[in-house]
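Participant: To start, I am sharing the structure in question, which I have written as structure tokens.
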Amino acid sequence: MTNPSVSIIGTRGYPSYYGGFETLVRHLAPYLAEHGWDVTVYGRGRTADNGENEGDPRVRSIDSIGFESKSLSTLSYGLSSTVHCAYAKPDVALVMNVANGFWLPLLRARGIPSLVNVDGIEWERAKWGKTAKKLFRAGATATARHADNLVFDSKALGARWNREFSRAGEFIPYGGSPAKNRPVVEGLERRGYVLMVARFVPENTVAEFLDAAEQLSKHWHVVVVGSSGYGGPLEERLKQITEQNRRVKWFGHVSDDEILFSLWENCGAYFHGHSVGGTNPALVQAMALGAPTVARDTVFNREVLADSAIFVQPESNSIVAGVTTMMTEDGARIRYSTQASHRAEALYTWDYVCGGYERALLGLLGR
């Protein structure tokens, strides 16, 4: 009996360190290979975010072709990957992002069942213009019509899809790797700095945090990890702040997990400002590392964090107040840190996540 085969479409490849989908694939692809699957991952070529690790040799990586632009990259790479996948005809396809919903009929025509991770509510993200938002909404409609099964990374997200598209699916969140007493990054002190990790887009509350950072840096170091990937006013502003204020440090995009995990594990307060989407991979990882978290108050963040964080509004004074409480009240910081790590250990482990994906994929075999 031959091994079941799966092709993964819609990420930057394997191994890649770009974002949440790529983090998932770094764990899921070798897990499936270990469990007897023939795994193929489509990507976008060997880019800087691939890091030093070449990954599991049992996982086949295929570089697709497309246009490297903010608005066309997902669609173009998704199309070329789907065409190649349809030709190769694996037993099942795992597709990331509703933008690739337009291409699902190509898989269905070849008898390839599809499991689609819908990601967040892309058509509500402020970073997209009107045309892009309409495309994502249309992609979601196509996904609802053509996908054989869906994955929602939060229960609230699944409930919304049920209301708007009359589709149910699998609830499978993201996982996190536990703490291991990593040394503090040079130039910083354990529990002596404030951290934000985010892509520089409006819905991640970056501008409001930069306003708060100018006040917080009077008392503590402020560390910012992330970028837009395309430049822009937020990056220009942060560059000016760091040139004028040595207590604000900008690490840019960090592809080395040991550095990033150390920053989370040793910070005094981690600000999580994401507002659109389901379970955020960065938040789950921060929880697993015991980062004392101050989070923007959203239904998604409350679902993940429950009572293991301080929740604030998306404006600088509220952020300053929440972070200051976390940085100055040792008992609260220890309590939130402990509760977050225990919650991650109970609900958000990679074994649980990868097992959920394998069960969903197995359920599609033979359709």
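Note on naming: chains are A, B, ... as they come in the structure tokens, residues start from 1 per chain, ligands start from 1 in the order shown.
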Return as a list in words the full set of residues in segment 79-250 of chain A whose backbone-based DSSP assignment is strand (DSSP E or B).
Facilitator: Val92, Ala93, Leu94, Val95, Met96, Ser114, Leu115, Val116, Asn117, Asn149, Leu150, Val151, Phe152, Glu170, Phe171, Tyr193, Val194, Leu195, Met196, Val197, His221, Val222, Val223, Val224, Val225, Val248, Lys249 and Trp250 of chain A
Participant: For the residues in the current selection, export N, CA, C and O atoms as an mmCIF file, in the first residue's frame.
Facilitator:
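Output saved as selection.cif:
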data_model
loop_
_atom_site.group_PDB
_atom_site.id
_atom_site.type_symbol
_atom_site.label_atom_id
_atom_site.label_comp_id
_atom_site.auth_asym_id
_atom_site.auth_seq_id
_atom_site.Cartn_x
_atom_site.Cartn_y
_atom_site.Cartn_z
ATOM 1 N N VAL A 92 -4.685 14.497 -1.582
ATOM 2 C CA VAL A 92 -5.412 15.577 -0.927
ATOM 3 C C VAL A 92 -4.539 16.820 -0.946
ATOM 4 O O VAL A 92 -3.311 16.728 -1.003
ATOM 5 N N ALA A 93 -5.170 18.002 -0.901
ATOM 6 C CA ALA A 93 -4.431 19.266 -0.868
ATOM 7 C C ALA A 93 -4.830 20.059 0.364
ATOM 8 O O ALA A 93 -6.022 20.141 0.713
ATOM 9 N N LEU A 94 -3.836 20.635 1.025
ATOM 10 C CA LEU A 94 -4.055 21.566 2.125
ATOM 11 C C LEU A 94 -3.753 22.953 1.580
ATOM 12 O O LEU A 94 -2.634 23.237 1.167
ATOM 13 N N VAL A 95 -4.762 23.820 1.556
ATOM 14 C CA VAL A 95 -4.641 25.137 0.936
ATOM 15 C C VAL A 95 -4.772 26.209 2.009
ATOM 16 O O VAL A 95 -5.695 26.183 2.825
ATOM 17 N N MET A 96 -3.848 27.158 1.997
ATOM 18 C CA MET A 96 -3.845 28.246 2.963
ATOM 19 C C MET A 96 -4.348 29.539 2.315
ATOM 20 O O MET A 96 -3.879 29.910 1.242
ATOM 21 N N SER A 114 -9.925 19.118 -1.102
ATOM 22 C CA SER A 114 -9.168 20.237 -0.530
ATOM 23 C C SER A 114 -9.619 20.546 0.890
ATOM 24 O O SER A 114 -10.813 20.576 1.199
ATOM 25 N N LEU A 115 -8.637 20.780 1.731
ATOM 26 C CA LEU A 115 -8.835 21.277 3.090
ATOM 27 C C LEU A 115 -8.257 22.687 3.117
ATOM 28 O O LEU A 115 -7.068 22.868 2.834
ATOM 29 N N VAL A 116 -9.076 23.687 3.425
ATOM 30 C CA VAL A 116 -8.636 25.085 3.326
ATOM 31 C C VAL A 116 -8.612 25.739 4.703
ATOM 32 O O VAL A 116 -9.631 25.764 5.408
ATOM 33 N N ASN A 117 -7.436 26.263 5.078
ATOM 34 C CA ASN A 117 -7.334 27.122 6.253
ATOM 35 C C ASN A 117 -7.716 28.530 5.806
ATOM 36 O O ASN A 117 -7.024 29.133 4.981
ATOM 37 N N ASN A 149 -13.478 20.841 2.844
ATOM 38 C CA ASN A 149 -13.581 21.075 4.280
ATOM 39 C C ASN A 149 -12.762 22.306 4.623
ATOM 40 O O ASN A 149 -11.869 22.703 3.858
ATOM 41 N N LEU A 150 -13.057 22.908 5.764
ATOM 42 C CA LEU A 150 -12.413 24.151 6.177
ATOM 43 C C LEU A 150 -11.750 23.988 7.537
ATOM 44 O O LEU A 150 -12.164 23.162 8.354
ATOM 45 N N VAL A 151 -10.726 24.801 7.765
ATOM 46 C CA VAL A 151 -10.083 24.894 9.073
ATOM 47 C C VAL A 151 -10.214 26.331 9.567
ATOM 48 O O VAL A 151 -9.885 27.279 8.858
ATOM 49 N N PHE A 152 -10.733 26.478 10.786
ATOM 50 C CA PHE A 152 -10.809 27.770 11.461
ATOM 51 C C PHE A 152 -9.853 27.720 12.648
ATOM 52 O O PHE A 152 -9.901 26.780 13.444
ATOM 53 N N GLU A 170 -13.396 22.502 10.745
ATOM 54 C CA GLU A 170 -12.608 22.016 11.867
ATOM 55 C C GLU A 170 -12.006 23.181 12.634
ATOM 56 O O GLU A 170 -11.450 24.104 12.022
ATOM 57 N N PHE A 171 -12.100 23.153 13.963
ATOM 58 C CA PHE A 171 -11.389 24.132 14.784
ATOM 59 C C PHE A 171 -10.014 23.569 15.115
ATOM 60 O O PHE A 171 -9.882 22.587 15.846
ATOM 61 N N TYR A 193 12.332 45.146 29.984
ATOM 62 C CA TYR A 193 11.992 45.823 28.732
ATOM 63 C C TYR A 193 10.580 45.449 28.289
ATOM 64 O O TYR A 193 10.034 44.407 28.651
ATOM 65 N N VAL A 194 10.012 46.335 27.483
ATOM 66 C CA VAL A 194 8.691 46.155 26.903
ATOM 67 C C VAL A 194 8.884 45.682 25.459
ATOM 68 O O VAL A 194 9.744 46.190 24.743
ATOM 69 N N LEU A 195 8.058 44.729 25.015
ATOM 70 C CA LEU A 195 8.228 44.129 23.700
ATOM 71 C C LEU A 195 6.947 44.212 22.877
ATOM 72 O O LEU A 195 5.851 44.011 23.398
ATOM 73 N N MET A 196 7.104 44.497 21.588
ATOM 74 C CA MET A 196 6.015 44.325 20.631
ATOM 75 C C MET A 196 6.550 43.538 19.438
ATOM 76 O O MET A 196 7.642 43.822 18.935
ATOM 77 N N VAL A 197 5.796 42.541 18.988
ATOM 78 C CA VAL A 197 6.147 41.748 17.811
ATOM 79 C C VAL A 197 4.947 41.788 16.874
ATOM 80 O O VAL A 197 3.873 41.301 17.224
ATOM 81 N N HIS A 221 13.468 50.083 28.548
ATOM 82 C CA HIS A 221 13.757 49.873 27.134
ATOM 83 C C HIS A 221 12.495 49.357 26.438
ATOM 84 O O HIS A 221 11.708 48.607 27.032
ATOM 85 N N VAL A 222 12.309 49.757 25.209
ATOM 86 C CA VAL A 222 11.196 49.288 24.386
ATOM 87 C C VAL A 222 11.788 48.609 23.155
ATOM 88 O O VAL A 222 12.575 49.207 22.424
ATOM 89 N N VAL A 223 11.406 47.352 22.931
ATOM 90 C CA VAL A 223 11.933 46.559 21.821
ATOM 91 C C VAL A 223 10.803 46.289 20.838
ATOM 92 O O VAL A 223 9.738 45.814 21.220
ATOM 93 N N VAL A 224 11.064 46.581 19.569
ATOM 94 C CA VAL A 224 10.073 46.362 18.513
ATOM 95 C C VAL A 224 10.645 45.352 17.518
ATOM 96 O O VAL A 224 11.761 45.519 17.019
ATOM 97 N N VAL A 225 9.878 44.310 17.235
ATOM 98 C CA VAL A 225 10.247 43.300 16.241
ATOM 99 C C VAL A 225 9.194 43.315 15.141
ATOM 100 O O VAL A 225 8.006 43.223 15.429
ATOM 101 N N VAL A 248 14.770 52.917 22.662
ATOM 102 C CA VAL A 248 13.874 52.194 21.757
ATOM 103 C C VAL A 248 14.727 51.441 20.747
ATOM 104 O O VAL A 248 15.527 52.041 20.025
ATOM 105 N N LYS A 249 14.576 50.118 20.703
ATOM 106 C CA LYS A 249 15.392 49.272 19.835
ATOM 107 C C LYS A 249 14.489 48.580 18.815
ATOM 108 O O LYS A 249 13.485 47.975 19.178
ATOM 109 N N TRP A 250 14.887 48.654 17.552
ATOM 110 C CA TRP A 250 14.123 48.035 16.475
ATOM 111 C C TRP A 250 14.926 46.889 15.868
ATOM 112 O O TRP A 250 15.986 47.102 15.299
#
Participant: Could you find all residues in segment 37-249 of chain A that DSSP calls helix (DSSP H, G or I) from the backbone, and write them as a PyMOL selection string?
Facilitator: chain A and resi 48-50+73-88+98-109+122-124+130-146+155-165+202-204+206-216+233-244
Participant: What is the distance, in Å and to one decimal place, between atom CA of Arg125 of chain A and atom CA of His274 of chain A?
Facilitator: 10.6 Å
Participant: Using only C-alpha atoms, which protein or nucleic acid residues come within 9 Å of Leu157 of chain A? Drop anything in the same chain fewer than 5 positions from it, and give the result as JSON, numbers by chain.
Facilitator: {"A": [119, 120, 121, 152, 162, 277, 278, 279, 300]}
Participant: For atom CA of Lys89 of chain A and atom CA of Ser16 of chain A, quote the distance in Å rounded to one decimal.
Facilitator: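 Atom CA of Ser16 of chain A lies at a distance of 24.3 Å from atom CA of Lys89 of chain A.
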Participant: Nearest to Ser177 of chain A: which of A:Pro281, A:Gly192, A:Gly273, A:Pro113 is it, counting only C-alpha atoms?
Facilitator: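 Among A:Pro281, A:Gly192, A:Gly273, A:Pro113, it is A:Pro281 that comes nearest to Ser177 of chain A.
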Participant: Interatomic distance between atom CA of Leu234 of chain A and atom CA of Val201 of chain A?
Facilitator: 8.3 Å
